[in-house]
Every structure is written in structure tokens, then in C-alpha cells.
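File shown: data.pdb. Contents: PDB, C-alpha atoms.
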```pdb
ATOM      1  CA  MET A 757      -9.791 -18.057-152.187
ATOM      2  CA  THR A 758      -6.991 -20.614-151.935
ATOM      3  CA  GLU A 759      -7.713 -23.373-149.412
ATOM      4  CA  LEU A 760      -4.191 -24.804-149.546
ATOM      5  CA  SER A 761      -1.243 -25.414-151.828
ATOM      6  CA  ILE A 762      -0.125 -28.889-152.846
ATOM      7  CA  ILE A 763       3.296 -29.152-154.459
ATOM      8  CA  ALA A 764       3.698 -32.593-156.050
ATOM      9  CA  LEU A 765       7.186 -33.795-156.944
ATOM     10  CA  HIS A 766       7.821 -36.482-159.550
ATOM     11  CA  GLY A 767      10.025 -39.536-159.336
ATOM     12  CA  ASN A 768      13.092 -40.436-161.388
ATOM     13  CA  GLY A 769      13.011 -40.085-165.157
ATOM     14  CA  GLY A 770       9.743 -38.188-165.377
ATOM     15  CA  GLY A 771       8.574 -34.706-164.485
ATOM     16  CA  GLY A 772       5.457 -32.801-163.534
ATOM     17  CA  PHE A 773       3.618 -34.409-166.448
ATOM     18  CA  ARG A 774       3.265 -37.499-164.240
ATOM     19  CA  PHE A 775       0.448 -35.688-162.412
ATOM     20  CA  GLU A 776      -1.272 -34.295-165.508
ATOM     21  CA  ARG A 777      -4.143 -36.785-165.403
ATOM     22  CA  ALA A 778      -4.794 -36.133-161.700
ATOM     23  CA  LYS A 779      -4.583 -32.334-161.777
ATOM     24  CA  PRO A 780      -8.129 -31.676-163.123
ATOM     25  CA  HIS A 781      -9.606 -33.663-160.236
ATOM     26  CA  PHE A 782      -8.365 -31.294-157.519
ATOM     27  CA  PRO A 783     -10.896 -28.645-156.435
ATOM     28  CA  ASP A 784     -10.568 -25.089-157.709
ATOM     29  CA  SER A 785      -9.811 -23.965-154.150
ATOM     30  CA  VAL A 786      -6.514 -25.870-154.249
ATOM     31  CA  ASN A 787      -3.331 -24.434-155.678
ATOM     32  CA  PHE A 788      -1.946 -27.654-157.167
ATOM     33  CA  ILE A 789       1.430 -27.432-158.879
ATOM     34  CA  ALA A 790       3.663 -30.188-160.207
ATOM     35  CA  PRO A 791       7.060 -28.711-161.103
ATOM     36  CA  THR A 792       9.827 -30.443-163.025
ATOM     37  CA  LEU A 793      13.265 -30.110-161.461
ATOM     38  CA  PRO A 794      16.360 -29.378-163.586
ATOM     39  CA  GLY A 795      17.679 -32.378-165.476
ATOM     40  CA  PHE A 796      14.392 -34.302-165.553
ATOM     41  CA  ALA A 797      12.037 -34.917-168.467
ATOM     42  CA  GLY A 798      13.903 -32.749-170.957
ATOM     43  CA  VAL A 799      14.456 -29.772-168.638
ATOM     44  CA  PRO A 800      18.151 -28.814-168.965
ATOM     45  CA  ARG A 801      20.451 -30.095-166.252
ATOM     46  CA  ASP A 802      22.134 -27.640-163.899
ATOM     47  CA  PRO A 803      25.792 -28.764-163.641
ATOM     48  CA  ALA A 804      26.012 -27.036-160.251
ATOM     49  CA  TYR A 805      23.618 -29.613-158.783
ATOM     50  CA  THR A 806      25.900 -32.323-157.449
ATOM     51  CA  THR A 807      24.203 -33.314-154.177
ATOM     52  CA  LEU A 808      20.696 -34.169-153.060
ATOM     53  CA  ARG A 809      20.758 -30.969-151.004
ATOM     54  CA  ASP A 810      21.048 -28.993-154.265
ATOM     55  CA  TYR A 811      17.835 -30.522-155.574
ATOM     56  CA  ALA A 812      16.148 -30.086-152.191
ATOM     57  CA  ASP A 813      17.049 -26.397-152.147
ATOM     58  CA  ALA A 814      15.673 -26.009-155.678
ATOM     59  CA  LEU A 815      12.416 -27.580-154.522
ATOM     60  CA  HIS A 816      12.361 -25.336-151.470
ATOM     61  CA  LYS A 817      12.499 -22.218-153.659
ATOM     62  CA  LEU A 818       9.449 -23.431-155.546
ATOM     63  CA  VAL A 819       7.620 -24.325-152.333
ATOM     64  CA  ILE A 820       8.043 -20.979-150.580
ATOM     65  CA  ALA A 821       6.687 -19.178-153.631
ATOM     66  CA  GLN A 822       3.273 -20.794-152.976
ATOM     67  CA  PRO A 823       0.651 -19.531-150.510
ATOM     68  CA  ARG A 824       0.230 -21.311-147.187
ATOM     69  CA  PRO A 825      -0.796 -23.725-145.925
ATOM     70  CA  ARG A 826       1.643 -25.843-147.978
ATOM     71  CA  ILE A 827       1.635 -29.613-148.387
ATOM     72  CA  VAL A 828       4.550 -31.144-150.282
ATOM     73  CA  LEU A 829       4.048 -34.570-151.846
ATOM     74  CA  GLY A 830       6.994 -36.587-153.114
ATOM     75  CA  THR A 831       6.743 -39.870-154.985
ATOM     76  CA  GLY A 832       9.672 -42.247-155.515
ATOM     77  CA  ILE A 833      12.916 -40.241-155.575
ATOM     78  CA  GLY A 834      10.719 -37.177-155.194
ATOM     79  CA  GLY A 835      10.054 -38.478-151.687
ATOM     80  CA  ALA A 836      13.806 -38.620-151.039
ATOM     81  CA  ILE A 837      14.175 -35.003-152.163
ATOM     82  CA  VAL A 838      11.279 -33.963-149.913
ATOM     83  CA  LEU A 839      12.887 -35.780-146.976
ATOM     84  CA  GLU A 840      16.134 -33.922-147.606
ATOM     85  CA  MET A 841      14.308 -30.599-147.910
ATOM     86  CA  VAL A 842      12.575 -30.891-144.529
ATOM     87  CA  GLN A 843      15.912 -31.690-142.897
ATOM     88  CA  HIS A 844      16.782 -28.034-143.547
ATOM     89  CA  HIS A 845      13.507 -26.160-144.208
ATOM     90  CA  ASN A 846      10.801 -27.907-142.181
ATOM     91  CA  ALA A 847       9.338 -24.629-140.886
ATOM     92  CA  ASP A 848       8.314 -23.647-144.413
ATOM     93  CA  VAL A 849       5.895 -26.541-144.911
ATOM     94  CA  ASP A 850       2.721 -27.485-143.082
ATOM     95  CA  GLY A 851       2.897 -31.163-143.935
ATOM     96  CA  ILE A 852       4.460 -33.694-146.259
ATOM     97  CA  ILE A 853       3.178 -36.797-148.027
ATOM     98  CA  LEU A 854       5.755 -39.442-148.881
ATOM     99  CA  HIS A 855       4.286 -41.688-151.547
ATOM    100  CA  ALA A 856       6.388 -44.873-151.785
ATOM    101  CA  PRO A 857       9.624 -42.897-151.390
ATOM    102  CA  VAL A 858      13.082 -44.090-152.356
ATOM    103  CA  GLY A 859      15.607 -44.177-149.527
ATOM    104  CA  THR A 860      15.553 -47.249-147.364
ATOM    105  CA  ARG A 861      17.269 -50.591-148.135
ATOM    106  CA  LEU A 862      19.334 -49.184-150.992
ATOM    107  CA  ASP A 863      22.201 -51.461-150.004
ATOM    108  CA  THR A 864      20.058 -54.606-150.194
ATOM    109  CA  ARG A 865      17.509 -54.040-152.990
ATOM    110  CA  LEU A 866      18.379 -55.696-156.305
ATOM    111  CA  PHE A 867      17.641 -52.788-158.651
ATOM    112  CA  PRO A 868      19.978 -50.248-156.966
ATOM    113  CA  LYS A 869      22.677 -52.937-156.894
ATOM    114  CA  LEU A 870      22.280 -53.484-160.652
ATOM    115  CA  MET A 871      22.440 -49.750-161.312
ATOM    116  CA  SER A 872      25.777 -49.580-159.469
ATOM    117  CA  LEU A 873      27.445 -51.796-162.080
ATOM    118  CA  PRO A 874      29.535 -50.072-164.789
ATOM    119  CA  GLY A 875      27.413 -48.811-167.664
ATOM    120  CA  MET A 876      24.139 -50.107-166.217
ATOM    121  CA  LYS A 877      22.568 -46.725-165.457
ATOM    122  CA  LYS A 878      22.625 -45.601-169.085
ATOM    123  CA  LEU A 879      21.813 -49.059-170.425
ATOM    124  CA  GLY A 880      18.876 -49.388-168.052
ATOM    125  CA  GLN A 881      17.524 -45.973-168.997
ATOM    126  CA  LEU A 882      17.766 -46.650-172.735
ATOM    127  CA  THR A 883      16.321 -50.146-172.452
ATOM    128  CA  PHE A 884      13.368 -48.974-170.378
ATOM    129  CA  SER A 885      12.525 -46.112-172.752
ATOM    130  CA  SER A 886      13.182 -47.930-176.033
ATOM    131  CA  HIS A 887      10.343 -48.071-178.554
ATOM    132  CA  LEU A 888      11.003 -51.799-178.897
ATOM    133  CA  THR A 889      10.564 -52.589-175.203
ATOM    134  CA  ARG A 890       7.775 -50.101-174.412
ATOM    135  CA  PRO A 891       4.945 -52.605-174.975
ATOM    136  CA  VAL A 892       6.540 -54.943-172.426
ATOM    137  CA  PHE A 893       7.123 -52.277-169.773
ATOM    138  CA  ARG A 894       3.713 -50.779-170.446
ATOM    139  CA  ARG A 895       2.073 -54.100-169.502
ATOM    140  CA  LEU A 896       4.291 -54.435-166.428
ATOM    141  CA  LEU A 897       3.684 -50.912-165.128
ATOM    142  CA  PHE A 898       0.083 -50.176-166.028
ATOM    143  CA  HIS A 899      -2.968 -52.331-165.484
ATOM    144  CA  GLU A 900      -5.527 -49.765-166.608
ATOM    145  CA  PRO A 901      -6.068 -48.628-170.240
ATOM    146  CA  LEU A 902      -4.247 -45.374-170.973
ATOM    147  CA  PRO A 903      -4.086 -43.101-174.030
ATOM    148  CA  ASP A 904      -1.181 -43.936-176.328
ATOM    149  CA  ASP A 905      -0.010 -40.323-176.472
ATOM    150  CA  TYR A 906       0.238 -40.189-172.679
ATOM    151  CA  VAL A 907       2.191 -43.464-172.479
ATOM    152  CA  ASN A 908       4.571 -42.414-175.253
ATOM    153  CA  ARG A 909       5.343 -39.149-173.515
ATOM    154  CA  PHE A 910       5.817 -41.039-170.238
ATOM    155  CA  PHE A 911       8.592 -43.146-171.790
ATOM    156  CA  ASP A 912      10.008 -40.261-173.849
ATOM    157  CA  GLU A 913      10.596 -38.307-170.635
ATOM    158  CA  TYR A 914      12.686 -41.161-169.264
ATOM    159  CA  ARG A 915      14.822 -41.103-172.399
ATOM    160  CA  ARG A 916      15.363 -37.320-172.138
ATOM    161  CA  CYS A 917      16.184 -37.329-168.414
ATOM    162  CA  GLU A 918      19.771 -36.118-167.979
ATOM    163  CA  VAL A 919      20.087 -36.975-164.293
ATOM    164  CA  PHE A 920      18.596 -40.475-164.219
ATOM    165  CA  GLY A 921      21.955 -42.044-163.362
ATOM    166  CA  GLN A 922      22.980 -39.275-160.993
ATOM    167  CA  MET A 923      20.035 -40.050-158.718
ATOM    168  CA  PHE A 924      21.500 -43.518-158.027
ATOM    169  CA  GLU A 925      24.806 -41.881-157.100
ATOM    170  CA  ILE A 926      23.470 -39.292-154.640
ATOM    171  CA  ILE A 927      20.515 -41.165-153.096
ATOM    172  CA  THR A 928      22.418 -43.821-151.176
ATOM    173  CA  ALA A 929      22.252 -45.895-148.018
ATOM    174  CA  GLU A 930      24.891 -43.582-146.556
ATOM    175  CA  TRP A 931      22.686 -40.563-147.240
ATOM    176  CA  PHE A 932      19.643 -42.249-145.700
ATOM    177  CA  ALA A 933      21.624 -43.041-142.554
ATOM    178  CA  THR A 934      22.301 -39.320-142.006
ATOM    179  CA  LEU A 935      18.617 -38.373-141.846
ATOM    180  CA  LYS A 936      17.295 -37.158-138.504
ATOM    181  CA  PRO A 937      13.700 -37.254-137.254
ATOM    182  CA  VAL A 938      11.689 -34.173-138.245
ATOM    183  CA  ASP A 939       8.645 -33.041-136.292
ATOM    184  CA  VAL A 940       6.507 -32.080-139.273
ATOM    185  CA  PRO A 941       3.079 -33.656-139.831
ATOM    186  CA  GLY A 942       3.537 -36.364-142.438
ATOM    187  CA  VAL A 943       1.807 -39.170-144.262
ATOM    188  CA  LEU A 944       3.409 -42.444-145.281
ATOM    189  CA  LEU A 945       1.320 -43.298-148.334
ATOM    190  CA  TRP A 946       1.626 -46.636-150.085
ATOM    191  CA  GLY A 947      -0.186 -48.920-152.463
ATOM    192  CA  GLU A 948      -0.674 -52.474-151.279
ATOM    193  CA  ARG A 949      -0.037 -53.744-154.833
ATOM    194  CA  GLU A 950       3.199 -51.767-155.105
ATOM    195  CA  LYS A 951       5.859 -53.953-156.739
ATOM    196  CA  ILE A 952       8.801 -51.578-157.195
ATOM    197  CA  LEU A 953       8.974 -50.357-153.584
ATOM    198  CA  SER A 954       7.117 -52.913-151.492
ATOM    199  CA  VAL A 955       4.758 -51.797-148.749
ATOM    200  CA  ASP A 956       6.848 -53.461-146.011
ATOM    201  CA  GLN A 957       9.391 -50.633-146.473
ATOM    202  CA  LEU A 958       6.895 -48.253-144.884
ATOM    203  CA  ASP A 959       8.001 -49.086-141.340
ATOM    204  CA  ASP A 960      11.541 -47.866-142.057
ATOM    205  CA  TYR A 961      10.310 -44.265-142.317
ATOM    206  CA  LYS A 962       8.274 -44.077-139.130
ATOM    207  CA  THR A 963      11.116 -42.944-136.884
ATOM    208  CA  LEU A 964      11.995 -40.150-139.330
ATOM    209  CA  LEU A 965       8.456 -38.735-139.044
ATOM    210  CA  PRO A 966       7.353 -39.090-135.409
ATOM    211  CA  ASN A 967       4.147 -37.155-136.207
ATOM    212  CA  HIS A 968       2.967 -39.447-138.994
ATOM    213  CA  ILE A 969      -0.170 -40.979-140.462
ATOM    214  CA  VAL A 970       0.004 -44.337-142.259
ATOM    215  CA  HIS A 971      -2.299 -44.745-145.239
ATOM    216  CA  VAL A 972      -2.262 -47.819-147.484
ATOM    217  CA  GLU A 973      -4.517 -48.022-150.544
ATOM    218  CA  PRO A 974      -5.380 -51.662-151.318
ATOM    219  CA  ASP A 975      -5.667 -51.282-155.110
ATOM    220  CA  TRP A 976      -2.765 -48.926-155.847
ATOM    221  CA  ASP A 977       0.398 -49.943-157.635
ATOM    222  CA  HIS A 978       3.348 -47.626-158.377
ATOM    223  CA  PHE A 979       1.599 -44.978-160.505
ATOM    224  CA  PRO A 980      -1.874 -44.248-159.063
ATOM    225  CA  MET A 981      -1.683 -40.636-160.278
ATOM    226  CA  VAL A 982      -1.598 -42.112-163.795
ATOM    227  CA  GLU A 983      -3.866 -45.151-163.491
ATOM    228  CA  THR A 984      -6.543 -43.906-161.069
ATOM    229  CA  PRO A 985      -6.126 -40.106-161.208
ATOM    230  CA  GLU A 986      -9.486 -39.181-159.697
ATOM    231  CA  GLN A 987      -9.001 -41.453-156.702
ATOM    232  CA  PHE A 988      -5.416 -40.249-156.335
ATOM    233  CA  ALA A 989      -6.643 -36.644-156.130
ATOM    234  CA  GLN A 990      -9.371 -37.532-153.635
ATOM    235  CA  VAL A 991      -7.009 -39.423-151.342
ATOM    236  CA  THR A 992      -4.371 -36.687-151.567
ATOM    237  CA  MET A 993      -6.959 -34.049-150.672
ATOM    238  CA  GLN A 994      -8.268 -36.011-147.683
ATOM    239  CA  LEU A 995      -4.764 -36.567-146.344
ATOM    240  CA  SER A 996      -3.703 -32.962-146.969
ATOM    241  CA  ARG A 997      -6.641 -31.661-144.974
ATOM    242  CA  ARG A 998      -5.770 -34.036-142.123
ATOM    243  CA  LEU A 999      -2.207 -32.765-142.132
ATOM    244  CA  ILE A1000      -3.311 -29.147-141.972
ATOM    245  CA  ALA A1001      -5.588 -29.997-139.063
ATOM    246  CA  GLU A1002      -2.638 -31.685-137.330
ATOM    247  CA  ALA A1003      -0.437 -28.644-137.947
ATOM    248  CA  GLY A1004      -3.129 -26.392-136.515
ATOM    249  CA  ARG A1005      -3.243 -28.411-133.287
ATOM    250  CA  ALA A1006       0.547 -28.390-132.900
TER     251      ALA A1006
END
```
Starting from the file, lay out its structure as C-alpha cells.
Amino acid sequence: MTELSIIALHGNGGGGFRFERAKPHFPDSVNFIAPTLPGFAGVPRDPAYTTLRDYADALHKLVIAQPRPRIVLGTGIGGAIVLEMVQHHNADVDGIILHAPVGTRLDTRLFPKLMSLPGMKKLGQLTFSSHLTRPVFRRLLFHEPLPDDYVNRFFDEYRRCEVFGQMFEIITAEWFATLKPVDVPGVLLWGEREKILSVDQLDDYKTLLPNHIVHVEPDWDHFPMVETPEQFAQVTMQLSRRLIAEAGRA
């Protein structure tokens, strides 16, 4: 019997493989899926997808194919896509978990500003995924020992991502300003050691999710599903069950 479904959405560059190390740690009663959207991690791009709404609708089709109750988790730009999805399809989910989402402060953060310069999106993608620079970025991103084959695939997926640059064009400060509060049970999940999207950004999302839970893990950085997969699964399960309880009381 299925206790609940958890649909986990990747961030930019990568795909569902991001959650591969965490997946075995979810109980058998959980329908855990980690899809890869078109254009990411070697999956062919759909040229018809030109707006964030297109990607959100693609996610929605995957979500409604799963049995309820449904929890949708988005990390990084996956969180932005989840936010866009619940703007239009909030009745089809029982809760969402936004793990260090992309969206706020895009007009002030340094990295998005750099990516707006001519040629920087492609240059940044190639530099990050290069075999020459991988040892450097590996040390910056990961503090725990990881298998070489996993790390190589992690960077290879960035190199094969066809929509890496497009995400910087459609996830903008102007888009974020259009978002309206959604009364769906939600979790704002962050790591206290997060360097890419600092934990102080958390407050910017509270008004968008009036029915929210704040959960900060003291030892997490940007990729807990990779570095501490068992703990990531345990925390996700605990929060998902809280969300379902909240939905049941609503």
C-alpha cells in the first residue's frame, strides 16, 4: 500500500540522478520519483518550452499521474518551477517542499548578474563542467567523500544540459514579483551551511506560503541529497508526513 507520493525535482544542469543516492533510503511504502524535465541532463529539449509556465505544466502532468497524497519537492530552480506550478494547479498537490529555491534577489545576487552578460551562460556552463576544473569545483561543492563515477556523471549532466542558459532568462526578478500567495501546506527547507543560496533568503518566501513550516538543517550545504542521502530522506519523510497532517486538518 502506498503511504504517499513524493515527486522530487532537480535544480539547474542536473536531472533526477541528483536524488539517486537518497532514493534507497525512502521506505517501501513511499512512491518516490525523481523525473528529469526536457532539456536537462541529456534529455532532449522541447523547443515549445519558452516560459517557466511550460516547465511547470510539464511537471504538473507528471505529478497528477502519481497516487495521492502528493508532496512535491523542488530544489534550486526546481523550487522555482514548483512555485510556478502551484500558482495554477495548487489543488492537485497536498504539500510542497521548497529546498533552497531560486527566485528571490535575482536582481541583486552576483551570480545571476554575471550570467546576464553576453556569452557568460555558455562559458559558465562549460567552465563548471570541464574535466580540467572538476577537481576544483568538486572540493568547493562537496565536503563528504563521493564515488568518482557519481561525481563524473554529476558534472557530465551539466555539460549536456540544453536549457542551462534559458533558466536564467525565464526565472527573473520580474517573474518572482508576479507570484501570489498560495494556501497550500509548504515547507521552507534550508541548510545553514548553504553558500550558493544563503539561508537569510528564506524569509522572502514566507508571504508566498502563508501555511508554511520553516526547517533549517545545521549541517546541510547545497546538495544534502548527494552528501548525506540517508539524512536527506529521513528529513524529507518527516516533513512530508507533517504536510499531509496539515492538509488533513485544513
Subject >> Residue contacts of A:Val842 (9 Å, only C-alpha atoms) excluding same-chain residues fewer than 5 positions away, as a VMD selection string >> reply: chain A and resid 812 816 837 847 to 849 852 938 940
**OP:** Write out as a ChimeraX atom specification each polymer residue whose atoms come within 9 Å of A:Leu854, counting all atoms listed in the file; drop sequence neighbours fewer than 2 positions from it.
**Re:** /A:828-832,834-836,838-839,852,856-857,942-946
Original post:
Using all atoms listed in the file, which of the listed residues (A:Asp784, A:Glu918, A:Asp960, A:Glu973) sits closest to A:Gly859?
Top reply: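 The shortest atom-to-atom distance to A:Gly859 comes from A:Asp960.
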Original post:
Within 7 Å of stretch 898-914 of chain A, counting all atoms listed in the file, which residues qualify if same-chain residues fewer than 4 places away don't, as a list of chain:residue names?
Top reply: A:Gly769, A:Gly770, A:Ala797, A:Gly798, A:Gln881, A:Ser885, A:Arg894, A:Glu983
**OP:** Determine the nearest neighbour of A:Pro966 from the options A:Asp813, A:Asp939, A:Asp802, A:Asp863, counting all atoms listed in the file.
**Re:**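 Answer, going by the shortest atom-to-atom distance: A:Asp939.
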Original post:
stretch 929-937 of chain A: which residues within 8 Å, counting only C-alpha atoms, same-chain residues fewer than 3 positions away excluded, as an MDAnalysis selection string?
Top reply: chainID A and resid 840 843 859:863 926 963:966
Draw an axis-aligned box tight on the listed atoms of stretch 995-1002 of chain A, then pad every side by 6 Å and write out centre and edge lengths in Å to one decimal as lines of an AutoDock Vina configuration file.
```
center_x = -4.4
center_y = -32.9
center_z = -142.1
size_x = 16.4
size_y = 19.4
size_z = 21.6
```
Original post:
Care to translate the PyMOL selection byres ((chain A and resi 955) around 12) into actual residues of this file, as a PyMOL selection string?
Top reply: chain A and resi 855-858+860+944-954+956-961+970-974+976-978
Subject >> Which residue of A:Pro941, A:Gly767, A:Pro803, A:Pro823 approaches A:Phe788 most closely, using all atoms listed in the file >> reply: A:Pro823
**OP:** Rounded to one decimal place, report the atom CA of A:Ala1003-atom CA of A:His845 distance in Å.
**Re:** 15.5 Å
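Across the model, the gap from atom CA of A:Leu866 to atom CA of A:Val799 is 29.0 Å.
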So which residues touch A:Arg774 within 9 Å, counting only C-alpha atoms, skipping near sequence neighbours fewer than 5 positions away, as a PDB file with C-alpha atoms, keeping the file's coordinate frame?
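out.pdb was written with the following content:
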```
ATOM      1  CA  HIS A 766       7.821 -36.482-159.550  1.00  0.00           C
ATOM      2  CA  GLY A 767      10.025 -39.536-159.336  1.00  0.00           C
ATOM      3  CA  ALA A 790       3.663 -30.188-160.207  1.00  0.00           C
ATOM      4  CA  PHE A 910       5.817 -41.039-170.238  1.00  0.00           C
ATOM      5  CA  PHE A 979       1.599 -44.978-160.505  1.00  0.00           C
ATOM      6  CA  MET A 981      -1.683 -40.636-160.278  1.00  0.00           C
ATOM      7  CA  VAL A 982      -1.598 -42.112-163.795  1.00  0.00           C
TER       8      VAL A 982
END
```
